[in-house]
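S.K.: Got a structure for you, coords23.txt, holding compact mmCIF, C-alpha atoms.
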# COMPACT_ATOMS: atom_id res chain seq x y z
CA MET A 1 0.00 0.00 0.00
CA SER A 2 1.48 3.36 -1.00
CA VAL A 3 1.04 6.78 0.60
CA LEU A 4 -1.54 8.75 -1.36
CA PRO A 5 -0.34 11.87 -3.17
CA GLY A 6 -1.31 15.20 -1.71
CA PRO A 7 -2.84 18.13 -3.59
CA ARG A 8 0.52 19.59 -4.63
CA GLY A 9 2.35 16.43 -5.49
CA GLY A 10 3.40 15.79 -1.90
CA ALA A 11 1.88 13.11 0.33
CA VAL A 12 -1.02 13.16 2.71
CA ASP A 13 1.47 12.93 5.55
CA GLY A 14 2.87 16.33 4.60
CA THR A 15 6.32 15.22 3.43
CA ALA A 16 7.81 16.71 0.28
CA PRO A 17 7.69 14.93 -3.11
CA GLY A 18 10.77 12.92 -4.01
CA VAL A 19 11.45 11.78 -0.44
CA SER A 20 12.16 8.05 -0.19
CA PRO A 21 9.37 5.87 1.25
CA VAL A 22 11.55 4.79 4.19
CA THR A 23 12.49 8.37 5.09
CA ARG A 24 8.89 9.49 4.65
CA ARG A 25 7.54 6.74 6.91
CA THR A 26 10.17 7.42 9.59
CA SER A 27 9.36 11.13 9.54
CA THR A 28 5.63 10.50 9.69
CA ARG A 29 5.91 8.06 12.58
CA ARG A 30 8.03 10.57 14.50
CA ARG A 31 5.40 13.28 14.00
CA LEU A 32 2.66 10.93 15.14
CA PHE A 33 4.68 9.93 18.21
CA ASP A 34 5.27 13.60 19.08
CA ALA A 35 1.59 14.45 18.63
CA ALA A 36 0.35 11.44 20.59
CA VAL A 37 2.69 11.84 23.56
CA THR A 38 1.76 15.53 23.90
CA LEU A 39 -1.98 14.92 23.70
CA ILE A 40 -1.99 11.91 26.00
CA ALA A 41 0.09 13.77 28.58
CA GLU A 42 -2.38 16.67 28.40
CA GLN A 43 -5.68 14.78 28.56
CA GLY A 44 -5.07 11.08 29.14
CA PHE A 45 -5.04 8.04 26.88
CA SER A 46 -8.78 7.31 26.89
CA ALA A 47 -9.75 10.91 26.15
CA THR A 48 -7.35 11.24 23.22
CA THR A 49 -8.76 10.29 19.82
CA VAL A 50 -7.08 9.25 16.60
CA ASP A 51 -8.62 12.30 14.93
CA GLU A 52 -6.90 14.57 17.44
CA ILE A 53 -3.57 12.83 16.97
CA ALA A 54 -3.82 13.17 13.19
CA ASP A 55 -4.83 16.82 13.46
CA ARG A 56 -1.97 17.64 15.85
CA ALA A 57 0.51 15.83 13.59
CA GLY A 58 -0.84 17.58 10.49
CA VAL A 59 -1.73 14.39 8.64
CA ALA A 60 -4.88 12.65 7.42
CA LYS A 61 -6.58 10.21 9.78
CA GLY A 62 -5.88 7.41 7.30
CA THR A 63 -2.15 8.06 7.67
CA VAL A 64 -2.39 7.09 11.34
CA TYR A 65 -3.94 3.75 10.45
CA TYR A 66 -1.47 3.26 7.60
CA ASN A 67 1.34 3.35 10.17
CA PHE A 68 -0.41 1.80 13.18
CA ALA A 69 -3.27 -0.70 13.36
CA SER A 70 -4.91 1.12 16.28
CA LYS A 71 -4.45 3.80 18.92
CA ASN A 72 -3.31 1.07 21.33
CA VAL A 73 -0.62 -0.06 18.91
CA LEU A 74 0.49 3.54 18.36
CA TYR A 75 0.87 4.09 22.11
CA GLU A 76 2.69 0.78 22.58
CA GLU A 77 5.14 1.63 19.81
CA LEU A 78 5.53 5.15 21.22
CA LEU A 79 6.64 3.74 24.58
CA ARG A 80 8.95 1.23 22.91
CA ASP A 81 10.56 3.86 20.70
CA GLY A 82 10.98 6.40 23.50
CA ILE A 83 12.56 4.11 26.06
CA ASP A 84 14.81 2.58 23.39
CA LEU A 85 16.04 6.10 22.63
CA LEU A 86 16.70 6.64 26.35
CA ALA A 87 18.62 3.36 26.56
CA ASP A 88 20.70 4.34 23.52
CA SER A 89 21.47 7.71 25.13
CA LEU A 90 22.66 6.02 28.33
CA ARG A 91 24.78 3.54 26.38
CA ARG A 92 26.46 6.29 24.34
CA ALA A 93 27.29 8.21 27.52
CA ALA A 94 28.87 5.13 29.10
CA ASP A 95 30.84 4.27 25.95
CA ALA A 96 32.12 7.85 25.57
CA THR A 97 33.33 7.84 29.17
CA ALA A 98 35.12 4.52 28.68
CA ALA A 99 36.74 5.84 25.49
CA ARG A 100 38.16 8.76 27.49
CA GLY A 101 39.62 6.37 30.06
CA GLY A 102 37.09 7.16 32.78
CA THR A 103 36.08 4.77 35.53
CA ARG A 104 32.81 2.85 35.62
CA VAL A 105 31.58 5.18 38.35
CA ASP A 106 32.42 8.06 36.00
CA ALA A 107 30.33 6.27 33.38
CA LEU A 108 27.39 6.01 35.78
CA ASP A 109 27.68 9.73 36.47
CA ALA A 110 27.73 10.46 32.73
CA MET A 111 24.63 8.30 32.32
CA ILE A 112 22.83 10.34 34.98
CA ARG A 113 23.58 13.50 33.01
CA ALA A 114 22.51 11.86 29.75
CA GLY A 115 19.26 10.76 31.36
CA LEU A 116 18.56 14.27 32.65
CA ASP A 117 19.26 15.78 29.24
CA PHE A 118 16.96 13.26 27.57
CA ILE A 119 14.12 13.87 30.03
CA ALA A 120 14.51 17.64 29.71
CA CYS A 121 13.87 17.23 25.98
CA SER A 122 11.05 14.66 26.39
CA PRO A 123 9.29 15.31 29.72
CA ALA A 124 5.85 14.19 28.48
CA LEU A 125 7.21 10.84 27.33
CA ILE A 126 8.84 10.11 30.68
CA GLN A 127 5.72 11.28 32.51
CA LEU A 128 3.68 8.72 30.58
CA TYR A 129 6.28 5.99 31.08
CA VAL A 130 6.40 6.48 34.85
CA ALA A 131 2.59 6.53 35.03
CA GLU A 132 2.36 3.27 33.06
CA LEU A 133 4.72 1.51 35.48
CA TRP A 134 1.91 1.54 38.04
CA ARG A 135 -0.74 0.10 35.73
CA THR A 136 -0.86 -3.68 35.36
CA ASN A 137 -3.97 -4.10 33.19
CA ARG A 138 -2.72 -2.53 29.96
CA THR A 139 -2.45 -4.58 26.78
CA TRP A 140 1.07 -3.27 26.26
CA ARG A 141 2.34 -4.32 29.73
CA ALA A 142 4.62 -6.98 28.24
CA THR A 143 6.14 -4.43 25.86
CA LEU A 144 6.68 -1.98 28.70
CA THR A 145 8.39 -4.66 30.77
CA SER A 146 10.65 -5.53 27.84
CA VAL A 147 11.75 -1.98 27.04
CA ARG A 148 12.25 -1.19 30.73
CA GLY A 149 14.52 -4.21 30.90
CA ARG A 150 16.62 -2.92 28.00
CA ALA A 151 17.14 0.46 29.65
CA GLN A 152 17.96 -1.13 32.99
CA ALA A 153 20.34 -3.63 31.37
CA VAL A 154 22.54 -0.74 30.19
CA VAL A 155 22.98 0.39 33.79
CA GLU A 156 23.46 -3.19 35.02
CA ASP A 157 26.29 -3.76 32.54
CA VAL A 158 28.22 -0.78 33.88
CA LEU A 159 27.58 -1.78 37.50
CA ARG A 160 28.74 -5.32 36.76
CA ASP A 161 31.97 -4.01 35.23
CA ALA A 162 32.48 -1.73 38.26
CA VAL A 163 32.17 -4.71 40.61
CA ARG A 164 34.47 -6.82 38.43
CA ASN A 165 37.13 -4.09 38.52
CA GLY A 166 36.87 -3.52 42.25
CA GLU A 167 35.32 -0.06 42.01
CA LEU A 168 32.19 -1.24 43.81
CA SER A 169 31.59 -3.94 46.41
CA ASP A 170 30.94 -7.45 45.19
CA GLU A 171 28.03 -7.54 47.65
CA LEU A 172 26.17 -5.03 45.49
CA ASP A 173 22.69 -6.13 44.38
CA ILE A 174 23.16 -5.20 40.73
CA PRO A 175 19.55 -5.47 39.44
CA LEU A 176 18.09 -3.57 42.40
CA THR A 177 20.83 -0.92 42.31
CA ALA A 178 20.33 -0.41 38.57
CA SER A 179 16.60 -0.04 39.11
CA ALA A 180 17.20 2.44 41.95
CA LEU A 181 19.59 4.55 39.88
CA LEU A 182 17.28 4.63 36.88
CA GLY A 183 14.31 5.43 39.09
CA MET A 184 16.25 8.17 40.87
CA VAL A 185 16.98 9.92 37.59
CA LEU A 186 13.41 9.57 36.28
CA VAL A 187 11.66 10.76 39.42
CA ALA A 188 14.16 13.52 40.25
CA ALA A 189 13.95 14.83 36.69
CA LEU A 190 10.16 14.88 36.70
CA ASP A 191 10.16 16.67 40.07
CA TRP A 192 12.66 19.15 38.67
CA GLN A 193 10.59 19.80 35.56
CA SER A 194 7.32 20.09 37.49
CA PHE A 195 8.25 21.88 40.71
CA GLN A 196 11.74 23.35 40.35
CA PRO A 197 11.99 24.41 36.69
CA ASP A 198 14.19 27.39 37.58
CA ARG A 199 17.04 25.06 38.49
CA SER A 200 19.61 24.28 35.80
CA VAL A 201 20.38 20.79 34.55
CA GLU A 202 23.92 21.28 35.91
CA ASP A 203 22.51 21.95 39.37
CA VAL A 204 20.29 18.87 39.32
CA HIS A 205 23.08 16.71 37.95
CA ALA A 206 25.46 17.88 40.68
CA ALA A 207 22.96 16.87 43.38
CA LEU A 208 22.41 13.41 41.90
CA SER A 209 26.13 13.01 41.31
CA ARG A 210 26.77 13.56 45.02
CA LEU A 211 24.24 10.84 45.79
CA LEU A 212 26.02 8.49 43.41
CA GLN A 213 29.40 9.25 44.93
CA GLY A 214 28.06 8.69 48.45
CA ARG A 215 28.78 12.22 49.56
CA VAL A 216 25.32 13.21 50.81
CA GLY A 217 26.54 13.50 54.39
CA ALA A 218 29.98 14.86 53.57
CA GLY A 219 31.25 18.05 55.09
CA PRO A 220 32.60 19.27 58.39
CA HIS A 221 30.95 17.91 61.51
CA ARG A 222 30.23 20.14 64.42
CA SER A 223 31.32 18.74 67.73
CA GLU A 224 28.59 18.19 70.26
CA GLY A 225 28.88 20.00 73.56
CA PRO A 226 28.64 18.18 76.89
Kindly transcribe the structure held in the file into structure tokens.
M.R.:
Amino acid sequence: MSVLPGPRGGAVDGTAPGVSPVTRRTSTRRRLFDAAVTLIAEQGFSATTVDEIADRAGVAKGTVYYNFASKNVLYEELLRDGIDLLADSLRRAADATAARGGTRVDALDAMIRAGLDFIACSPALIQLYVAELWRTNRTWRATLTSVRGRAQAVVEDVLRDAVRNGELSDELDIPLTASALLGMVLVAALDWQSFQPDRSVEDVHAALSRLLQGRVGAGPHRSEGP
């Protein structure tokens, strides 16, 4: 099935004529993801219609169904795509740190910053992701579990290397620690975006970095009097 031509020789999805089908479809899906995540964050999944998504994306309603079988499928793929992008961002940060000769703890710190940067650019996506973690009756629960596992596995790999190299204790519970670190970044970033938007990403990163380094209680201690 081909994309129908638009009134000026373009396509009903708004892309220019002469663009390859693969590029056109990728661009269209991205616009639909952006429209859907914004609308669903604003008014909820049930209240958001396919017509509204198409209108916000600037495409015909049929274009939505050309790319996704249903609104449920669109949302499932939106979550999969978004968390995969987050996982890729974390992996690149860890790899770049390793290439510079940094430690695994340095890599974890770089991943915190990468996560904050990603969430700052996609707050609605992360808001939806965190909300879905608490819902167990969704048809896309298995997909959510899978993509969450991929993001967490990136953190686990770095923690495992840190333990192997003696940077962290071999008593570390790697899966739980990875989950805690990922959750810390997600929740702290959402709190920052919602309640402390005047703070800079550098400021938020510095606070989370101190938590990672175990320096929350650092500083001079006052002596107690008798």
S.K.: What are the closest atom pairs, with distances in Å to one decimal, for all residues of range 112-193 of chain A lying within 10 Å of range 25-34 of chain A? Consider only C-alpha atoms, order rows by chain and residue number, and present the result as a Markdown table.
M.R.:
| residue | atom | partner | partner_atom | distance |
| --- | --- | --- | --- | --- |
| A:Ser122 | CA | A:Asp34 | CA | 9.4 |
| A:Ala124 | CA | A:Asp34 | CA | 9.4 |
| A:Leu125 | CA | A:Asp34 | CA | 8.9 |
S.K.: Counting all atoms listed in the file, what is within 10 Å of His205 in chain A, bar same-chain residues fewer than 4 positions away, as an mmCIF file with C-alpha atoms, keeping the file's coordinate frame?
M.R.:
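Below is the file around.cif, written as the result:
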data_model
loop_
_atom_site.group_PDB
_atom_site.id
_atom_site.type_symbol
_atom_site.label_atom_id
_atom_site.label_comp_id
_atom_site.auth_asym_id
_atom_site.auth_seq_id
_atom_site.Cartn_x
_atom_site.Cartn_y
_atom_site.Cartn_z
ATOM 1 C CA ASP A 109 27.680 9.730 36.470
ATOM 2 C CA ALA A 110 27.730 10.460 32.730
ATOM 3 C CA ILE A 112 22.830 10.340 34.980
ATOM 4 C CA ARG A 113 23.580 13.500 33.010
ATOM 5 C CA ALA A 114 22.510 11.860 29.750
ATOM 6 C CA GLY A 115 19.260 10.760 31.360
ATOM 7 C CA LEU A 116 18.560 14.270 32.650
ATOM 8 C CA ASP A 117 19.260 15.780 29.240
ATOM 9 C CA VAL A 185 16.980 9.920 37.590
ATOM 10 C CA ALA A 188 14.160 13.520 40.250
ATOM 11 C CA ALA A 189 13.950 14.830 36.690
ATOM 12 C CA SER A 200 19.610 24.280 35.800
ATOM 13 C CA VAL A 201 20.380 20.790 34.550
ATOM 14 C CA SER A 209 26.130 13.010 41.310
ATOM 15 C CA ARG A 210 26.770 13.560 45.020
ATOM 16 C CA LEU A 211 24.240 10.840 45.790
#
S.K.: So the first atom is CA of Lys61 in chain A and the second is CA of Thr49 in chain A; what is the distance between them in Å, to one decimal place?
M.R.: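 Interatomic distance here is 10.3 Å.
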S.K.: What's the 10 Å shell around Tyr129 in chain A, counting all atoms listed in the file, without same-chain residues fewer than 3 positions away, as a list of chain:residue names?
M.R.: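 Contacts, with the query itself left out: A:Leu78, A:Leu79, A:Arg80, A:Gly82, A:Ile83, A:Pro123, A:Ala124, A:Leu125, A:Ile126, A:Glu132, A:Leu133, A:Trp134, A:Leu144, A:Arg148, A:Leu186.
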S.K.: Which of these, A:Val187, A:Val204, A:Gly101, A:Arg91, has the shortest distance to Glu156 in chain A once you count only C-alpha atoms?
M.R.: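 The shortest atom-to-atom distance to Glu156 in chain A comes from A:Arg91.
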S.K.: So, with all atoms listed in the file as the atoms that count, which of A:Thr139, A:Thr48, A:Ser179, A:Ser169 lies closest to Asn72 in chain A?
M.R.: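 Checking each candidate against Asn72 in chain A, we get A:Thr139 as the closest.
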S.K.: Counting all atoms listed in the file, what is within 10 Å of Ile40 in chain A, bar same-chain residues fewer than 2 positions away, as a PDB file with C-alpha atoms, in the frame of the given file?
M.R.:
ATOM      1  CA  ALA A  35       1.590  14.450  18.630  1.00  0.00           C
ATOM      2  CA  ALA A  36       0.350  11.440  20.590  1.00  0.00           C
ATOM      3  CA  VAL A  37       2.690  11.840  23.560  1.00  0.00           C
ATOM      4  CA  THR A  38       1.760  15.530  23.900  1.00  0.00           C
ATOM      5  CA  GLU A  42      -2.380  16.670  28.400  1.00  0.00           C
ATOM      6  CA  GLN A  43      -5.680  14.780  28.560  1.00  0.00           C
ATOM      7  CA  GLY A  44      -5.070  11.080  29.140  1.00  0.00           C
ATOM      8  CA  PHE A  45      -5.040   8.040  26.880  1.00  0.00           C
ATOM      9  CA  SER A  46      -8.780   7.310  26.890  1.00  0.00           C
ATOM     10  CA  ALA A  47      -9.750  10.910  26.150  1.00  0.00           C
ATOM     11  CA  THR A  48      -7.350  11.240  23.220  1.00  0.00           C
ATOM     12  CA  THR A  49      -8.760  10.290  19.820  1.00  0.00           C
ATOM     13  CA  ILE A  53      -3.570  12.830  16.970  1.00  0.00           C
ATOM     14  CA  TYR A  75       0.870   4.090  22.110  1.00  0.00           C
ATOM     15  CA  ALA A 124       5.850  14.190  28.480  1.00  0.00           C
ATOM     16  CA  LEU A 125       7.210  10.840  27.330  1.00  0.00           C
ATOM     17  CA  LEU A 128       3.680   8.720  30.580  1.00  0.00           C
TER      18      LEU A 128
END
S.K.: Within 10 Å of Val64 in chain A, counting all atoms listed in the file, which residues qualify if same-chain residues fewer than 5 places away don't, as a count of residues only?
M.R.: 14
S.K.: Between A:Val147, A:Leu182, A:Ala120, A:Val22, which has the minimum distance to Glu202 in chain A (counting all atoms listed in the file)?
M.R.: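 Looking at the shortest contact to Glu202 in chain A, the residue is A:Ala120.
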S.K.: Could you tell me how far CA of Val154 in chain A sits from CA of Gly102 in chain A, in Å to one decimal place?
M.R.: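 Interatomic distance, CA of Gly102 in chain A to CA of Val154 in chain A: 16.8 Å.
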S.K.: Just the number, please: distance in Å from CA of Glu76 in chain A to CA of Arg150 in chain A, one decimal.
M.R.: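 It comes out at 15.4 Å.
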S.K.: Which polymer residues have any atom within 9 Å of an atom of Ala153 in chain A, counting only C-alpha atoms, with same-chain residues fewer than 4 positions away left out, as a PyMOL selection string?
M.R.: chain A and resi 87+148-149+157-158+175+178
S.K.: Of the candidates A:Asp161, A:Asp203, A:Phe195, A:Leu208, which shows the shortest atom-to-atom distance to Thr103 in chain A, using all atoms listed in the file?
M.R.: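 When distances to Thr103 in chain A are compared using all atoms listed in the file, the smallest one comes from A:Asp161.
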S.K.: Kindly output range 125-158 of chain A as a compact mmCIF listing (two decimals), keeping the file's coordinate frame, after building N, CA and C atoms.
M.R.:
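What follows is the written file out-v7.txt:
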# COMPACT_ATOMS: atom_id res chain seq x y z
N LEU A 125 6.98 12.26 27.53
CA LEU A 125 7.21 10.84 27.33
C LEU A 125 7.53 10.14 28.65
N ILE A 126 8.44 10.72 29.43
CA ILE A 126 8.84 10.11 30.68
C ILE A 126 7.69 10.15 31.69
N GLN A 127 6.89 11.20 31.65
CA GLN A 127 5.72 11.28 32.51
C GLN A 127 4.78 10.11 32.23
N LEU A 128 4.55 9.83 30.95
CA LEU A 128 3.68 8.72 30.58
C LEU A 128 4.29 7.38 30.97
N TYR A 129 5.60 7.24 30.75
CA TYR A 129 6.28 5.99 31.08
C TYR A 129 6.17 5.69 32.57
N VAL A 130 6.46 6.69 33.40
CA VAL A 130 6.40 6.48 34.85
C VAL A 130 4.97 6.15 35.28
N ALA A 131 3.99 6.82 34.69
CA ALA A 131 2.59 6.53 35.03
C ALA A 131 2.22 5.10 34.66
N GLU A 132 2.71 4.62 33.52
CA GLU A 132 2.36 3.27 33.06
C GLU A 132 2.98 2.19 33.93
N LEU A 133 4.08 2.51 34.62
CA LEU A 133 4.72 1.51 35.48
C LEU A 133 3.78 1.04 36.59
N TRP A 134 2.82 1.86 36.95
CA TRP A 134 1.91 1.54 38.04
C TRP A 134 0.64 0.85 37.56
N ARG A 135 0.47 0.71 36.26
CA ARG A 135 -0.74 0.10 35.73
C ARG A 135 -0.42 -1.31 35.24
N THR A 136 -1.16 -2.29 35.71
CA THR A 136 -0.86 -3.68 35.36
C THR A 136 -1.87 -4.29 34.39
N ASN A 137 -2.90 -3.53 34.02
CA ASN A 137 -3.97 -4.10 33.19
C ASN A 137 -3.92 -3.63 31.75
N ARG A 138 -2.82 -3.04 31.32
CA ARG A 138 -2.72 -2.53 29.96
C ARG A 138 -2.32 -3.65 29.01
N THR A 139 -2.79 -3.56 27.78
CA THR A 139 -2.45 -4.58 26.78
C THR A 139 -0.98 -4.54 26.41
N TRP A 140 -0.34 -3.41 26.62
CA TRP A 140 1.07 -3.27 26.26
C TRP A 140 2.02 -3.50 27.45
N ARG A 141 1.51 -4.11 28.53
CA ARG A 141 2.34 -4.32 29.73
C ARG A 141 3.60 -5.12 29.40
N ALA A 142 3.46 -6.16 28.59
CA ALA A 142 4.62 -6.98 28.24
C ALA A 142 5.66 -6.17 27.49
N THR A 143 5.21 -5.29 26.60
CA THR A 143 6.14 -4.43 25.86
C THR A 143 6.85 -3.48 26.81
N LEU A 144 6.10 -2.91 27.73
CA LEU A 144 6.68 -1.98 28.70
C LEU A 144 7.73 -2.67 29.55
N THR A 145 7.44 -3.90 29.98
CA THR A 145 8.39 -4.66 30.77
C THR A 145 9.67 -4.92 29.98
N SER A 146 9.50 -5.24 28.70
CA SER A 146 10.65 -5.53 27.84
C SER A 146 11.54 -4.31 27.64
N VAL A 147 10.93 -3.16 27.31
CA VAL A 147 11.75 -1.98 27.04
C VAL A 147 12.37 -1.44 28.33
N ARG A 148 11.66 -1.57 29.44
CA ARG A 148 12.25 -1.19 30.73
C ARG A 148 13.48 -2.03 31.00
N GLY A 149 13.38 -3.32 30.69
CA GLY A 149 14.52 -4.21 30.90
C GLY A 149 15.72 -3.81 30.07
N ARG A 150 15.50 -3.33 28.85
CA ARG A 150 16.62 -2.92 28.00
C ARG A 150 17.32 -1.70 28.56
N ALA A 151 16.54 -0.73 29.06
CA ALA A 151 17.14 0.46 29.65
C ALA A 151 17.91 0.10 30.92
N GLN A 152 17.30 -0.75 31.75
CA GLN A 152 17.96 -1.13 32.99
C GLN A 152 19.21 -1.96 32.74
N ALA A 153 19.19 -2.79 31.69
CA ALA A 153 20.34 -3.63 31.37
C ALA A 153 21.58 -2.80 31.06
N VAL A 154 21.40 -1.62 30.48
CA VAL A 154 22.54 -0.74 30.19
C VAL A 154 23.22 -0.34 31.49
N VAL A 155 22.42 0.00 32.50
CA VAL A 155 22.98 0.39 33.79
C VAL A 155 23.60 -0.83 34.49
N GLU A 156 22.94 -1.97 34.40
CA GLU A 156 23.46 -3.19 35.02
C GLU A 156 24.82 -3.56 34.46
N ASP A 157 25.00 -3.41 33.16
CA ASP A 157 26.29 -3.76 32.54
C ASP A 157 27.43 -2.94 33.13
N VAL A 158 27.18 -1.64 33.33
CA VAL A 158 28.22 -0.78 33.88
C VAL A 158 28.47 -1.12 35.35
